[in-house]
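See structure below.
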Amino acid sequence: MTMTRRAAVLLLLLAAVSSCGRKEPPPPPAPAGEVVTGAYAYGNNVNTFRPCGTSEVLWVEAPPAVLAHLEREYAVKAKAAFETVIVTARGTRGAQAEAGPGASYRGTFAMTELVSMRPLSGEECGENP
């Protein structure tokens, strides 16, 4: 065996041995909850979601990163504060908030992921444009 081939074989063996002890980090956990589409409105003391097919308006609760994403998208998709848009989000329905602006709604929607947001078109999801 030539010196070049020996060096190549040695490098391959070293690479194989050094990678044996490494573990890939686990993938991040999937956001919790079911995917739901509904009417969403945002403004001063308003952060509400009404799933399509229901009359129940829920207060939206979410981690800071999800709320920031929601606010950024709303600023682009809505023409004015309190305008209804259509949102598809992952989350779970929860009990009524005990205090704050959310306490005046019958329940909460704990949003774990904003899937999509778009302007309302026609009488979609029981809303008027």
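Each chain in the structure tokens gets a letter, A, B and so on, in the order shown; residues start at 1 in every chain, and ligands are counted from 1 in the order they appear.
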
key: Selection: 12 Å around Val57 (chain A), only C-alpha atoms, excl. self and same-chain fewer than 5 positions, as a PyMOL selection string   = chain A and resi 38-41+46-52+93-94+96+102-109

request  = Would you mind writing down, as a PyMOL selection string, each residue of region 27-62 of chain A that DSSP on the backbone assigns to strand (DSSP E or B)?
outcome  = chain A and resi 34-43+46-51+58-61

Counting only C-alpha atoms, the residue of A:Leu58, A:Val87, A:Ala95, A:Ala78 that sits nearest Leu114 (chain A) =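 With only C-alpha atoms as the atom set, the closest residue is A:Val87.
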
query = For the atom pair CA of Val66 (chain A) and CA of Thr88 (chain A), what is the interatomic distance in Å to one decimal place?
reply =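 Separation between CA of Val66 (chain A) and CA of Thr88 (chain A): 13.0 Å.
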
message = Give me, as a ChimeraX atom specification, the residues of region 45-84 of chain A that a backbone DSSP run labels alpha helix (DSSP H).
response = /A:64-77

Store the residues picked out above, limited to C-alpha atoms, as a CSV table (one decimal), in the first residue's frame.
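See part36.csv below for the written result:
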```csv
chain,number,residue,atom,x,y,z
A,64,PRO,CA,-44.2,36.0,23.6
A,65,ALA,CA,-42.7,34.7,20.3
A,66,VAL,CA,-46.1,33.5,19.0
A,67,LEU,CA,-47.7,36.8,20.0
A,68,ALA,CA,-45.0,38.8,18.3
A,69,HIS,CA,-45.5,36.7,15.1
A,70,LEU,CA,-49.3,37.2,15.4
A,71,GLU,CA,-48.9,41.0,15.8
A,72,ARG,CA,-46.4,41.3,12.8
A,73,GLU,CA,-48.7,39.3,10.5
A,74,TYR,CA,-51.8,41.3,11.6
A,75,ALA,CA,-50.0,44.6,10.9
A,76,VAL,CA,-49.5,43.4,7.3
A,77,LYS,CA,-52.8,41.6,6.7
```

Nearest residue to Gly100 (chain A) from the set A:Asn45, A:Ser121, A:Thr112, A:Thr84 (distances using only C-alpha atoms) =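 Smallest distance to Gly100 (chain A) is found for A:Asn45.
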
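The gap separating CA of Glu123 (chain A) from CA of Glu61 (chain A) is 26.2 Å, in Å to one decimal.
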
Between CA of Glu98 (chain A) and CA of Ile86 (chain A) - distance in Å to one decimal = 26.9 Å

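Ranking A:Gly126, A:Gly33, A:Ser116, A:Tyr42 by their shortest atom-to-atom distance to Trp59 (chain A), with only C-alpha atoms included, puts A:Tyr42 first.
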
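Distance annotation: of A:Glu113, A:Glu127, A:Glu83, A:Glu56, the residue with the minimal separation from Val35 (chain A) is A:Glu113; atom set is only C-alpha atoms.
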